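Participant: mmCIF, C-alpha atoms, saved as input_3.cif, coming up:
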data_my_file
loop_
_atom_site.label_atom_id
_atom_site.label_comp_id
_atom_site.auth_asym_id
_atom_site.auth_seq_id
_atom_site.Cartn_x
_atom_site.Cartn_y
_atom_site.Cartn_z
CA MET A 70 30.55 -53.43 19.08
CA GLN A 71 27.97 -50.67 19.31
CA ILE A 72 29.14 -47.15 18.53
CA ARG A 73 27.36 -43.82 18.60
CA VAL A 74 28.76 -41.31 16.11
CA THR A 75 27.38 -37.97 14.99
CA VAL A 76 28.08 -37.58 11.29
CA ASN A 77 27.23 -34.28 9.62
CA GLY A 78 24.98 -33.43 12.54
CA VAL A 79 23.03 -36.71 12.48
CA GLU A 80 23.54 -39.21 15.27
CA HIS A 81 24.02 -42.82 14.20
CA VAL A 82 24.02 -45.85 16.49
CA SER A 83 25.64 -48.77 14.68
CA ASP A 84 27.01 -52.20 15.36
CA VAL A 85 30.47 -52.51 13.82
CA GLU A 86 33.23 -55.06 13.83
CA PRO A 87 36.21 -53.57 15.70
CA ARG A 88 38.36 -53.81 12.56
CA THR A 89 36.00 -51.62 10.54
CA LEU A 90 37.87 -48.55 9.33
CA LEU A 91 36.17 -45.19 9.75
CA VAL A 92 36.26 -44.63 5.98
CA GLN A 93 34.53 -47.98 5.42
CA TYR A 94 31.94 -47.04 8.00
CA VAL A 95 31.03 -43.68 6.45
CA ARG A 96 31.09 -45.04 2.89
CA GLU A 97 29.50 -48.45 3.31
CA ALA A 98 27.35 -48.25 6.44
CA LEU A 99 26.21 -44.63 6.00
CA GLY A 100 26.43 -44.40 2.20
CA LEU A 101 28.49 -41.20 2.33
CA THR A 102 30.73 -41.93 -0.63
CA GLY A 103 32.14 -38.42 -0.99
CA THR A 104 35.09 -39.49 1.17
CA ASN A 105 37.44 -41.33 -1.18
CA VAL A 106 39.94 -44.09 -0.56
CA GLY A 107 43.14 -43.36 -2.43
CA CYS A 108 46.37 -44.94 -1.25
CA ASP A 109 44.82 -46.69 1.78
CA THR A 110 48.13 -46.18 3.63
CA SER A 111 47.58 -42.74 5.24
CA SER A 112 49.80 -41.05 2.66
CA CYS A 113 47.51 -39.43 0.08
CA GLY A 114 44.84 -37.73 2.18
CA ALA A 115 41.92 -38.53 -0.16
CA CYS A 116 40.06 -39.99 2.84
CA SER A 117 40.45 -36.86 5.00
CA LEU A 118 37.44 -35.88 7.07
CA HIS A 119 37.01 -34.04 10.35
CA VAL A 120 36.89 -35.77 13.72
CA ASP A 121 35.84 -33.30 16.41
CA GLY A 122 36.67 -30.46 14.03
CA GLU A 123 40.17 -31.57 13.04
CA ALA A 124 41.23 -33.21 9.78
CA ALA A 125 42.10 -36.89 10.09
CA LYS A 126 42.81 -39.70 7.66
CA SER A 127 39.86 -42.04 7.94
CA CYS A 128 41.70 -44.99 6.38
CA THR A 129 43.90 -45.05 9.47
CA LEU A 130 41.20 -44.78 12.11
CA LEU A 131 38.92 -47.46 13.38
CA ALA A 132 35.23 -46.66 13.52
CA VAL A 133 35.33 -47.66 17.20
CA GLN A 134 37.89 -44.90 17.82
CA ALA A 135 35.31 -42.38 16.61
CA ASP A 136 32.71 -43.63 19.09
CA GLY A 137 31.21 -40.52 20.69
CA ALA A 138 32.87 -38.15 18.21
CA GLN A 139 31.50 -35.50 15.88
CA VAL A 140 32.48 -36.42 12.34
CA THR A 141 32.12 -34.13 9.34
CA THR A 142 32.52 -35.42 5.81
CA ILE A 143 32.52 -33.45 2.56
CA GLU A 144 28.74 -33.99 2.38
CA GLY A 145 28.40 -32.05 5.64
CA LEU A 146 30.17 -28.89 4.48
CA ALA A 147 27.57 -27.47 2.12
CA GLY A 148 24.47 -25.75 3.47
CA LYS A 149 21.21 -27.70 3.74
CA ASP A 150 19.90 -25.73 0.75
CA GLY A 151 22.87 -26.96 -1.29
CA SER A 152 24.79 -23.70 -1.11
CA LEU A 153 28.49 -24.40 -1.26
CA HIS A 154 30.85 -23.89 1.66
CA PRO A 155 33.20 -20.93 0.99
CA MET A 156 36.09 -23.37 0.52
CA GLN A 157 34.14 -25.38 -2.06
CA LYS A 158 33.24 -22.14 -3.82
CA ALA A 159 36.87 -21.03 -3.80
CA PHE A 160 37.96 -24.35 -5.33
CA MET A 161 35.33 -23.92 -8.05
CA GLU A 162 36.22 -20.31 -8.80
CA ASN A 163 39.96 -20.93 -8.86
CA HIS A 164 39.83 -24.16 -10.83
CA GLY A 165 41.24 -25.97 -7.81
CA LEU A 166 40.44 -29.38 -9.21
CA GLN A 167 41.16 -31.39 -12.30
CA CYS A 168 40.03 -35.03 -12.07
CA GLY A 169 38.46 -34.31 -8.69
CA TYR A 170 39.54 -37.44 -6.87
CA CYS A 171 41.64 -35.68 -4.24
CA THR A 172 39.19 -32.77 -3.95
CA PRO A 173 37.03 -33.89 -0.99
CA GLY A 174 40.17 -34.62 1.04
CA MET A 175 41.82 -31.38 -0.07
CA VAL A 176 38.76 -29.36 0.93
CA MET A 177 38.51 -31.07 4.33
CA ALA A 178 42.24 -30.60 4.99
CA ALA A 179 42.05 -26.98 3.85
CA THR A 180 39.09 -26.09 6.08
CA SER A 181 40.87 -27.67 9.06
CA LEU A 182 44.04 -25.72 8.15
CA LEU A 183 42.21 -22.37 8.09
CA LYS A 184 40.81 -23.07 11.56
CA GLU A 185 44.35 -23.46 12.85
CA ILE A 186 45.92 -20.73 10.71
CA PRO A 187 43.15 -18.29 9.69
CA ASN A 188 45.53 -15.96 7.92
CA PRO A 189 48.03 -18.22 6.17
CA THR A 190 50.88 -17.36 3.84
CA GLU A 191 51.28 -19.31 0.62
CA GLU A 192 53.98 -21.36 2.34
CA ASP A 193 51.64 -22.13 5.27
CA VAL A 194 49.11 -23.48 2.78
CA ARG A 195 51.65 -25.56 0.87
CA ILE A 196 53.06 -27.05 4.09
CA GLY A 197 49.60 -27.37 5.62
CA LEU A 198 48.43 -29.50 2.71
CA GLU A 199 51.51 -31.74 2.71
CA GLY A 200 49.33 -34.68 3.67
CA ASN A 201 47.22 -34.48 0.51
CA LEU A 202 48.44 -35.63 -2.87
CA CYS A 203 46.98 -34.54 -6.20
CA ARG A 204 47.86 -36.99 -8.95
CA CYS A 205 46.97 -34.40 -11.58
CA THR A 206 49.61 -32.24 -9.86
CA GLY A 207 47.14 -29.38 -9.76
CA TYR A 208 48.61 -27.89 -6.62
CA HIS A 209 49.00 -24.36 -7.89
CA ASN A 210 45.28 -23.68 -8.21
CA ILE A 211 44.48 -25.60 -5.04
CA VAL A 212 46.81 -23.30 -3.11
CA LYS A 213 45.25 -20.30 -4.89
CA ALA A 214 41.80 -21.49 -3.87
CA VAL A 215 42.74 -21.87 -0.20
CA LEU A 216 44.35 -18.43 -0.16
CA ALA A 217 41.26 -16.97 -1.84
CA CYS A 218 39.05 -18.56 0.80
CA ALA A 219 41.25 -17.01 3.49
CA GLY A 220 40.59 -13.63 1.86
CA LYS A 221 43.95 -13.23 0.13
CA MET B 136 42.97 -53.13 3.19
CA ILE B 137 41.29 -54.41 6.31
CA PRO B 138 43.14 -55.62 9.42
CA ALA B 139 42.75 -59.21 10.58
CA ALA B 140 39.96 -59.61 13.13
CA PHE B 141 40.74 -58.73 16.73
CA ASP B 142 38.93 -58.12 19.98
CA TYR B 143 38.71 -54.54 21.16
CA VAL B 144 38.69 -53.32 24.74
CA ARG B 145 38.90 -49.78 26.00
CA ALA B 146 40.83 -48.61 29.05
CA GLY B 147 39.85 -45.56 31.10
CA SER B 148 43.14 -45.28 32.98
CA ALA B 149 46.75 -46.45 32.79
CA ALA B 150 46.12 -48.92 35.64
CA GLU B 151 43.14 -50.40 33.83
CA ALA B 152 45.12 -50.59 30.59
CA ILE B 153 47.94 -52.51 32.28
CA SER B 154 45.48 -54.88 33.92
CA LEU B 155 43.72 -55.48 30.58
CA ILE B 156 46.97 -56.12 28.72
CA GLY B 157 47.97 -58.55 31.49
CA GLN B 158 44.70 -60.45 31.14
CA HIS B 159 44.98 -60.76 27.39
CA GLY B 160 48.59 -61.90 27.14
CA SER B 161 51.42 -61.09 24.79
CA ASP B 162 49.22 -61.08 21.66
CA ALA B 163 47.48 -57.96 22.93
CA LYS B 164 48.67 -54.50 21.87
CA PHE B 165 48.02 -50.99 23.12
CA LEU B 166 46.27 -48.70 20.65
CA ALA B 167 47.01 -44.99 21.18
CA GLY B 168 46.56 -42.80 18.08
CA GLY B 169 47.04 -45.87 15.92
CA HIS B 170 49.11 -44.12 13.28
CA SER B 171 51.99 -46.58 13.51
CA LEU B 172 50.07 -49.71 14.50
CA LEU B 173 47.05 -49.57 12.19
CA PRO B 174 49.09 -49.31 8.96
CA LEU B 175 51.02 -52.43 10.04
CA MET B 176 47.77 -54.20 10.88
CA LYS B 177 46.23 -53.28 7.53
CA LEU B 178 49.26 -54.80 5.78
CA ARG B 179 48.87 -57.83 8.12
CA LEU B 180 52.44 -57.31 9.26
CA ALA B 181 50.94 -57.13 12.75
CA GLN B 182 48.00 -59.28 13.80
CA PRO B 183 47.33 -58.68 17.49
CA SER B 184 44.44 -60.72 18.85
CA VAL B 185 43.33 -57.93 21.19
CA LEU B 186 43.66 -54.16 21.03
CA VAL B 187 43.56 -52.29 24.32
CA ASP B 188 42.52 -48.78 23.32
CA ILE B 189 44.26 -46.23 25.55
CA GLY B 190 43.29 -43.30 23.31
CA ARG B 191 40.81 -42.06 25.89
CA VAL B 192 43.22 -41.99 28.85
CA THR B 193 43.15 -38.22 28.68
CA ASP B 194 44.96 -37.70 31.98
CA LEU B 195 48.11 -38.86 30.15
CA SER B 196 47.88 -35.92 27.76
CA TYR B 197 49.87 -33.05 29.28
CA ILE B 198 53.03 -30.97 29.00
CA LYS B 199 54.33 -29.75 32.36
CA ASP B 200 57.30 -27.75 33.56
CA ALA B 201 58.86 -30.02 36.19
CA GLY B 202 61.87 -27.91 37.21
CA ASP B 203 64.94 -29.26 35.44
CA HIS B 204 62.88 -31.10 32.83
CA ILE B 205 59.61 -31.00 30.93
CA ALA B 206 57.23 -33.89 31.62
CA ILE B 207 55.12 -34.95 28.65
CA GLY B 208 52.25 -37.40 29.01
CA ALA B 209 52.60 -40.35 26.65
CA LEU B 210 49.22 -39.68 25.05
CA THR B 211 50.05 -36.10 24.10
CA ARG B 212 49.43 -35.70 20.38
CA HIS B 213 52.18 -34.58 18.01
CA MET B 214 50.14 -31.45 17.24
CA ASP B 215 50.07 -30.50 20.92
CA VAL B 216 53.83 -31.11 21.26
CA GLU B 217 54.42 -28.99 18.15
CA LYS B 218 52.29 -26.08 19.40
CA SER B 219 53.31 -26.17 23.08
CA SER B 220 54.55 -22.83 24.42
CA VAL B 221 56.29 -24.64 27.31
CA LEU B 222 58.28 -26.73 24.85
CA ALA B 223 58.89 -23.75 22.57
CA GLN B 224 60.64 -22.16 25.53
CA HIS B 225 62.42 -25.12 27.12
CA ALA B 226 62.80 -27.82 24.46
CA PRO B 227 62.28 -26.15 21.08
CA LEU B 228 64.09 -28.96 19.24
CA LEU B 229 61.39 -31.42 20.29
CA ALA B 230 58.51 -29.09 19.39
CA HIS B 231 60.07 -28.44 16.00
CA ALA B 232 60.68 -32.14 15.30
CA ALA B 233 57.10 -33.00 16.29
CA GLY B 234 55.98 -30.55 13.60
CA HIS B 235 57.77 -32.71 11.04
CA VAL B 236 56.06 -35.99 11.91
CA GLY B 237 53.86 -37.09 9.00
CA ASP B 238 51.40 -34.35 8.10
CA PRO B 239 48.74 -32.33 9.97
CA GLN B 240 46.18 -35.15 9.81
CA VAL B 241 48.69 -37.58 11.27
CA ARG B 242 49.74 -35.07 13.94
CA HIS B 243 46.11 -34.61 14.99
CA ARG B 244 45.91 -38.29 15.94
CA GLY B 245 49.39 -39.71 16.55
CA THR B 246 50.93 -39.47 20.01
CA ILE B 247 54.50 -39.00 21.25
CA GLY B 248 54.23 -42.10 23.44
CA GLY B 249 52.90 -44.21 20.61
CA SER B 250 55.75 -43.13 18.37
CA ILE B 251 58.40 -43.87 21.00
CA ALA B 252 56.90 -47.20 22.11
CA HIS B 253 56.73 -48.27 18.46
CA ALA B 254 60.54 -47.77 18.38
CA ASP B 255 60.80 -47.20 14.66
CA PRO B 256 64.34 -46.04 13.80
CA ALA B 257 62.86 -44.03 10.91
CA SER B 258 60.58 -42.00 13.19
CA ASP B 259 61.53 -38.49 14.20
CA LEU B 260 60.74 -38.42 17.91
CA PRO B 261 62.64 -41.50 19.14
CA ALA B 262 65.90 -40.02 17.80
CA THR B 263 65.05 -36.50 18.92
CA THR B 264 64.33 -37.53 22.51
CA LEU B 265 67.47 -39.68 22.42
CA ALA B 266 69.56 -36.66 21.37
CA LEU B 267 68.03 -34.64 24.20
CA GLY B 268 68.92 -37.26 26.82
CA ALA B 269 65.29 -37.98 27.68
CA THR B 270 64.07 -40.49 30.24
CA TYR B 271 60.95 -42.56 29.68
CA VAL B 272 58.65 -43.52 32.54
CA VAL B 273 56.91 -46.86 32.12
CA GLN B 274 54.26 -48.42 34.29
CA GLY B 275 53.68 -52.13 34.79
CA PRO B 276 51.79 -54.39 37.16
CA LYS B 277 54.52 -53.97 39.79
CA GLY B 278 54.70 -50.20 39.60
CA SER B 279 56.64 -47.73 37.51
CA ARG B 280 60.28 -47.46 36.48
CA GLU B 281 62.40 -45.07 34.49
CA ILE B 282 64.35 -46.06 31.40
CA LYS B 283 66.93 -43.79 29.80
CA ALA B 284 66.28 -43.22 26.11
CA SER B 285 69.84 -44.51 25.52
CA ASP B 286 68.86 -47.87 27.11
CA PHE B 287 65.39 -48.11 25.57
CA TYR B 288 65.88 -49.06 21.93
CA LEU B 289 67.00 -52.67 21.56
CA GLY B 290 66.35 -53.52 17.92
CA PHE B 291 64.09 -52.88 14.95
CA LEU B 292 60.69 -52.00 16.49
CA GLU B 293 61.96 -53.52 19.75
CA SER B 294 62.25 -51.68 23.03
CA ALA B 295 62.96 -52.36 26.68
CA LEU B 296 59.20 -52.22 27.40
CA ALA B 297 57.91 -55.51 28.78
CA PRO B 298 54.69 -56.75 27.11
CA ASP B 299 52.66 -55.78 30.17
CA GLU B 300 54.26 -52.36 30.58
CA MET B 301 52.96 -49.08 29.25
CA LEU B 302 54.93 -45.94 28.49
CA THR B 303 53.31 -43.17 30.52
CA GLU B 304 55.64 -40.15 30.49
CA ILE B 305 58.55 -38.69 28.56
CA ARG B 306 60.94 -36.49 30.55
CA VAL B 307 63.01 -34.12 28.48
CA PRO B 308 65.79 -32.12 30.15
CA LYS B 309 65.41 -28.39 29.61
CA MET B 310 67.67 -27.18 26.82
CA ASN B 311 68.62 -24.01 28.74
CA GLY B 312 69.18 -21.94 25.64
CA ALA B 313 71.20 -24.52 23.71
CA GLY B 314 71.47 -24.05 19.96
CA TRP B 315 69.71 -26.78 18.03
CA SER B 316 68.84 -28.12 14.62
CA PHE B 317 66.61 -30.76 13.11
CA GLN B 318 67.52 -31.94 9.62
CA LYS B 319 65.15 -34.22 7.77
CA PHE B 320 66.00 -35.36 4.28
CA ASN B 321 63.20 -36.97 2.34
CA ARG B 322 61.81 -37.14 -1.16
CA ARG B 323 58.17 -36.28 -0.46
CA ALA B 324 57.03 -33.74 2.11
CA GLN B 325 55.30 -36.15 4.46
CA ASP B 326 57.63 -39.13 4.15
CA TRP B 327 59.80 -40.69 6.77
CA ALA B 328 63.32 -39.34 6.70
CA ILE B 329 65.73 -41.10 4.38
CA VAL B 330 68.18 -39.77 6.96
CA GLY B 331 67.44 -37.34 9.77
CA VAL B 332 69.54 -35.60 12.41
CA ALA B 333 68.52 -34.05 15.72
CA ALA B 334 71.27 -32.02 17.37
CA TRP B 335 71.86 -29.47 20.11
CA ARG B 336 74.93 -27.64 21.36
CA ARG B 337 75.63 -25.59 24.47
CA ASN B 338 79.14 -24.50 25.39
CA GLY B 339 81.21 -27.70 25.16
CA ASP B 340 78.26 -30.06 25.43
CA SER B 341 76.22 -31.48 22.60
CA GLY B 342 73.84 -34.26 21.68
CA VAL B 343 73.42 -35.70 18.20
CA ALA B 344 71.11 -38.52 17.16
CA LEU B 345 70.36 -40.03 13.78
CA VAL B 346 67.05 -41.06 12.22
CA ASN B 347 66.94 -44.11 9.93
CA MET B 348 70.62 -44.96 10.22
CA GLY B 349 70.29 -48.45 11.68
CA GLN B 350 67.96 -50.87 13.43
CA THR B 351 67.39 -48.36 16.22
CA PRO B 352 67.66 -44.59 16.51
CA VAL B 353 71.38 -43.91 16.84
CA LEU B 354 73.13 -41.70 19.38
CA ALA B 355 76.16 -40.32 17.57
CA SER B 356 78.32 -40.21 20.71
CA SER B 357 81.61 -39.96 18.81
CA VAL B 358 80.52 -36.63 17.36
CA ALA B 359 79.77 -35.23 20.81
CA VAL B 360 83.07 -36.54 22.22
CA ALA B 361 85.03 -35.00 19.34
CA LEU B 362 83.34 -31.62 19.77
CA LYS B 363 84.02 -31.71 23.50
CA SER B 364 87.71 -32.23 22.84
CA GLY B 365 87.78 -29.26 20.50
CA ALA B 366 87.36 -30.83 17.05
CA SER B 367 86.00 -28.62 14.30
CA ILE B 368 82.43 -29.16 13.13
CA ALA B 369 83.71 -30.52 9.81
CA ASP B 370 85.98 -33.04 11.55
CA ALA B 371 83.32 -34.05 14.10
CA ALA B 372 80.74 -34.57 11.34
CA GLU B 373 83.06 -37.08 9.68
CA LEU B 374 82.42 -39.31 12.73
CA ALA B 375 78.64 -39.19 12.18
CA VAL B 376 78.30 -42.86 11.29
CA ALA B 377 80.72 -44.30 13.87
CA GLU B 378 77.80 -45.78 15.85
CA ALA B 379 75.45 -46.28 12.89
CA SER B 380 74.69 -49.41 10.87
CA PRO B 381 72.52 -48.20 7.99
CA SER B 382 70.86 -50.53 5.55
CA ALA B 383 69.85 -50.07 1.93
CA ASP B 384 66.26 -49.74 0.74
CA ASN B 385 64.38 -48.37 -2.29
CA ASN B 386 65.30 -44.83 -1.31
CA ALA B 387 68.99 -45.07 -0.60
CA SER B 388 72.04 -47.28 -0.66
CA VAL B 389 74.25 -47.69 2.40
CA GLU B 390 76.86 -45.42 0.78
CA TYR B 391 74.29 -42.70 0.08
CA ARG B 392 72.91 -42.86 3.63
CA THR B 393 76.44 -42.64 5.02
CA HIS B 394 77.15 -39.60 2.86
CA LEU B 395 73.87 -37.96 3.82
CA ALA B 396 74.43 -38.53 7.53
CA LYS B 397 77.80 -36.76 7.43
CA VAL B 398 76.45 -33.84 5.43
CA LEU B 399 73.34 -33.46 7.59
CA VAL B 400 75.29 -33.71 10.86
CA ARG B 401 77.60 -30.97 9.62
CA ARG B 402 74.65 -28.77 8.65
CA ALA B 403 72.92 -29.48 11.95
CA LEU B 404 75.99 -28.57 13.98
CA GLU B 405 76.54 -25.40 11.97
CA GLN B 406 72.96 -24.35 12.58
CA ALA B 407 73.11 -25.31 16.26
CA SER B 408 76.31 -23.29 16.67
CA ALA B 409 75.10 -20.18 14.86
#
Rewrite the coordinates I just gave you, this time as structure tokens.

Facilitator:
Amino acid sequence: MQIRVTVNGVEHVSDVEPRTLLVQYVREALGLTGTNVGCDTSSCGACSLHVDGEAAKSCTLLAVQADGAQVTTIEGLAGKDGSLHPMQKAFMENHGLQCGYCTPGMVMAATSLLKEIPNPTEEDVRIGLEGNLCRCTGYHNIVKAVLACAGK
Amino acid sequence: MIPAAFDYVRAGSAAEAISLIGQHGSDAKFLAGGHSLLPLMKLRLAQPSVLVDIGRVTDLSYIKDAGDHIAIGALTRHMDVEKSSVLAQHAPLLAHAAGHVGDPQVRHRGTIGGSIAHADPASDLPATTLALGATYVVQGPKGSREIKASDFYLGFLESALAPDEMLTEIRVPKMNGAGWSFQKFNRRAQDWAIVGVAAWRRNGDSGVALVNMGQTPVLASSVAVALKSGASIADAAELAVAEASPSADNNASVEYRTHLAKVLVRRALEQASA
């Protein structure tokens, strides 16, 4: 089936099998491998990206469901000149990553969270990131990074 | 994990969706947000031959004050139920429970109708709407009918929906200031409840339903009857499992679930009575 999806501002028209997952589509058809597959069961959040501005788990979406949507992946957050998004910068400055595997999903979930709750408490951040698991258990600095990005 | 191959068709309206599902037979399934169905398909526990995507039937995404009840379109997302000011005022238990479904990413995509039609006893909203005495409106080729939540759940992932019927609206009676509580006991933040309880109380009346305490969501009628006849919360909570038939899994034995249900019903009633 033909789909038309705008990913990181670029429109793509692609033929996909209906069973193609959105994460497969961005990684394999578009070569955007920043979005990771972790648990593959919509638990861990490593595959989080934005669909029409809201975080979603791309292992549990079909590419055909994103037909007509605006998708943003981790590659689309930084400026064209390579300057980091404030959330990426905050993760870097606060040591919000260890092995880095969960980081793209954490950053995408965190940017979506700050759109919904621009001025979060620490508890808001911890609850807001409940859908993202860090196997290094580095949550403390991740929460610090998100709060720093929110100006706290 | 990739689902087995299927054909994909998209419906623009409820009528079109019902006609499409009728054409494609009982192997066809509706796809709403997909957050219950797609995980099953990826594990090949479900292998529908056709998916009828109703995710774009946007006129079934609404929350309306309808006098004595709130009418919620089946395709309303969990996030919109959670954040609804109408529900915050008239059915805060439901808004609160919707905020405990999965995690924000799941709530951005999953829908209340999808969750209810999936009829998973471990899901939060089937039990919560059951506790609230909701009515579900379903539409089929011959028109629409109403099914009480208490008549809807027939078995594990089985409901009174016919294969060619679609859930279109959830009607939740206004709580009219009732006290309420939602207790969800789980090991990880985003998990399904090991046991959950949705409860409300107003004067002598109450409604209590249990999550993950049997093959269907369970209405704990004995608790409500006991409270009505003047039993204490502690005594009523002892009846929590009278209607339940819990099973054991990796998370909990039958005995542990039984214990949890009594404790959580007591806590829920205390909170709802405060």

Participant: Quick one: distance from CA of Gln182 in chain B to CA of Gly349 in chain B in Å, one decimal?

Facilitator: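 Here the two named atoms are 24.9 Å from each other.
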
Participant: Expand the PyMOL selection byres ((chain A) within 10 of (chain B)) into the individual residues it matches in the shown file, reporting them as a ChimeraX atom specification.

Facilitator: /A:70,86-90,93,108-114,117-120,123-131,133-134,178,181-182,195-201

Participant: Next, write the just-selected residues to a file, as a tab-separated table (two decimals), in the coordinates of the input, keeping C-alpha atoms as the atom set.

Facilitator:
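As a result, part_12.tsv now contains:
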chain	number	residue	atom	x	y	z
A	70	MET	CA	30.55	-53.43	19.08
A	86	GLU	CA	33.23	-55.06	13.83
A	87	PRO	CA	36.21	-53.57	15.70
A	88	ARG	CA	38.36	-53.81	12.56
A	89	THR	CA	36.00	-51.62	10.54
A	90	LEU	CA	37.87	-48.55	9.33
A	93	GLN	CA	34.53	-47.98	5.42
A	108	CYS	CA	46.37	-44.94	-1.25
A	109	ASP	CA	44.82	-46.69	1.78
A	110	THR	CA	48.13	-46.18	3.63
A	111	SER	CA	47.58	-42.74	5.24
A	112	SER	CA	49.80	-41.05	2.66
A	113	CYS	CA	47.51	-39.43	0.08
A	114	GLY	CA	44.84	-37.73	2.18
A	117	SER	CA	40.45	-36.86	5.00
A	118	LEU	CA	37.44	-35.88	7.07
A	119	HIS	CA	37.01	-34.04	10.35
A	120	VAL	CA	36.89	-35.77	13.72
A	123	GLU	CA	40.17	-31.57	13.04
A	124	ALA	CA	41.23	-33.21	9.78
A	125	ALA	CA	42.10	-36.89	10.09
A	126	LYS	CA	42.81	-39.70	7.66
A	127	SER	CA	39.86	-42.04	7.94
A	128	CYS	CA	41.70	-44.99	6.38
A	129	THR	CA	43.90	-45.05	9.47
A	130	LEU	CA	41.20	-44.78	12.11
A	131	LEU	CA	38.92	-47.46	13.38
A	133	VAL	CA	35.33	-47.66	17.20
A	134	GLN	CA	37.89	-44.90	17.82
A	178	ALA	CA	42.24	-30.60	4.99
A	181	SER	CA	40.87	-27.67	9.06
A	182	LEU	CA	44.04	-25.72	8.15
A	195	ARG	CA	51.65	-25.56	0.87
A	196	ILE	CA	53.06	-27.05	4.09
A	197	GLY	CA	49.60	-27.37	5.62
A	198	LEU	CA	48.43	-29.50	2.71
A	199	GLU	CA	51.51	-31.74	2.71
A	200	GLY	CA	49.33	-34.68	3.67
A	201	ASN	CA	47.22	-34.48	0.51

Participant: Residues within 6 Å of range 264-271 of chain B, please, as a VMD selection string. Count all atoms listed in the file; anything in the same chain fewer than 2 positions from it doesn't count.

Facilitator: chain B and resid 260 to 262 281 to 284 304 to 307 342 to 344

Participant: CA of Leu166 in chain A and CA of Val106 in chain A, how far apart in Å?

Facilitator: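 Taking CA of Val106 in chain A as the start and CA of Leu166 in chain A as the end point, the length is 17.1 Å.
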
Participant: When the PyMOL selection byres ((chain B and resi 257) around 10) is applied to the structure above, which residues does it catch, written out as JSON, numbers by chain?

Facilitator: {"B": [254, 255, 256, 258, 259, 260, 261, 262, 291, 292, 326, 327, 328, 329, 330, 331, 345, 346, 347, 348, 349, 350, 351, 352]}

Participant: If the PyMOL selection byres ((chain A and resi 78) around 10) is run on the structure shown, which residues does it catch, given as a PDB file with C-alpha atoms, in the coordinates of the input?

Facilitator:
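out29.pdb was written with the following content:
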ATOM      1  CA  VAL A  74      28.760 -41.310  16.110  1.00  0.00           C
ATOM      2  CA  THR A  75      27.380 -37.970  14.990  1.00  0.00           C
ATOM      3  CA  VAL A  76      28.080 -37.580  11.290  1.00  0.00           C
ATOM      4  CA  ASN A  77      27.230 -34.280   9.620  1.00  0.00           C
ATOM      5  CA  VAL A  79      23.030 -36.710  12.480  1.00  0.00           C
ATOM      6  CA  GLU A  80      23.540 -39.210  15.270  1.00  0.00           C
ATOM      7  CA  HIS A  81      24.020 -42.820  14.200  1.00  0.00           C
ATOM      8  CA  GLN A 139      31.500 -35.500  15.880  1.00  0.00           C
ATOM      9  CA  VAL A 140      32.480 -36.420  12.340  1.00  0.00           C
ATOM     10  CA  THR A 141      32.120 -34.130   9.340  1.00  0.00           C
ATOM     11  CA  GLY A 145      28.400 -32.050   5.640  1.00  0.00           C
TER      12      GLY A 145
END

Participant: For Arg204 in chain A, find every residue with an atom within 10 Å (counting all atoms listed in the file), except residues of its own chain fewer than 6 positions away, and show them as a list of chain:residue names.

Facilitator: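 Residues near the query, excluding close chain neighbours: A:Cys113, A:Gln167, A:Cys168, A:Gly169, A:Tyr170, A:Cys171.
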
Participant: Keeping C-alpha atoms, export the residues of the selection given above as a short mmCIF file (atom, residue, chain, number, x, y, z; two decimals), in the coordinates of the input.

Facilitator:
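Writing done, so here's again26.cif:
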data_model
loop_
_atom_site.label_atom_id
_atom_site.label_comp_id
_atom_site.auth_asym_id
_atom_site.auth_seq_id
_atom_site.Cartn_x
_atom_site.Cartn_y
_atom_site.Cartn_z
CA CYS A 113 47.51 -39.43 0.08
CA GLN A 167 41.16 -31.39 -12.30
CA CYS A 168 40.03 -35.03 -12.07
CA GLY A 169 38.46 -34.31 -8.69
CA TYR A 170 39.54 -37.44 -6.87
CA CYS A 171 41.64 -35.68 -4.24
#

Participant: Closest to Glu373 in chain B among B:Ala361, B:Ala146, B:Ala387, B:Met301, using all atoms listed in the file?

Facilitator: B:Ala361

Participant: Using CA of Lys363 in chain B and CA of Asp340 in chain B as the two end points, give the distance in Å to one decimal.

Facilitator: 6.3 Å

Participant: Identify, on the basis of all atoms listed in the file, every residue whose closest approach to Lys277 in chain B does not exceed 12 Å; exclude the query and any residue fewer than 6 positions from it along the same chain; express the result as an MDAnalysis selection string.

Facilitator: chainID B and resid 150 153:154 157 297 299:301

Participant: Can you take the partial range 358-362 of chain B, add N, CA and C atoms, and return it as a PDB file, in the coordinates of the input?

Facilitator:
ATOM      1  N   VAL B 358      80.564 -38.029  17.793  1.00  0.00           N
ATOM      2  CA  VAL B 358      80.520 -36.630  17.360  1.00  0.00           C
ATOM      3  C   VAL B 358      80.599 -35.716  18.578  1.00  0.00           C
ATOM      4  N   ALA B 359      79.802 -36.057  19.601  1.00  0.00           N
ATOM      5  CA  ALA B 359      79.770 -35.230  20.810  1.00  0.00           C
ATOM      6  C   ALA B 359      81.131 -35.245  21.520  1.00  0.00           C
ATOM      7  N   VAL B 360      81.761 -36.425  21.569  1.00  0.00           N
ATOM      8  CA  VAL B 360      83.070 -36.540  22.220  1.00  0.00           C
ATOM      9  C   VAL B 360      84.106 -35.697  21.474  1.00  0.00           C
ATOM     10  N   ALA B 361      84.070 -35.765  20.148  1.00  0.00           N
ATOM     11  CA  ALA B 361      85.030 -35.000  19.340  1.00  0.00           C
ATOM     12  C   ALA B 361      84.845 -33.493  19.553  1.00  0.00           C
ATOM     13  N   LEU B 362      83.596 -33.057  19.567  1.00  0.00           N
ATOM     14  CA  LEU B 362      83.340 -31.620  19.770  1.00  0.00           C
ATOM     15  C   LEU B 362      83.844 -31.188  21.134  1.00  0.00           C
TER      16      LEU B 362
END
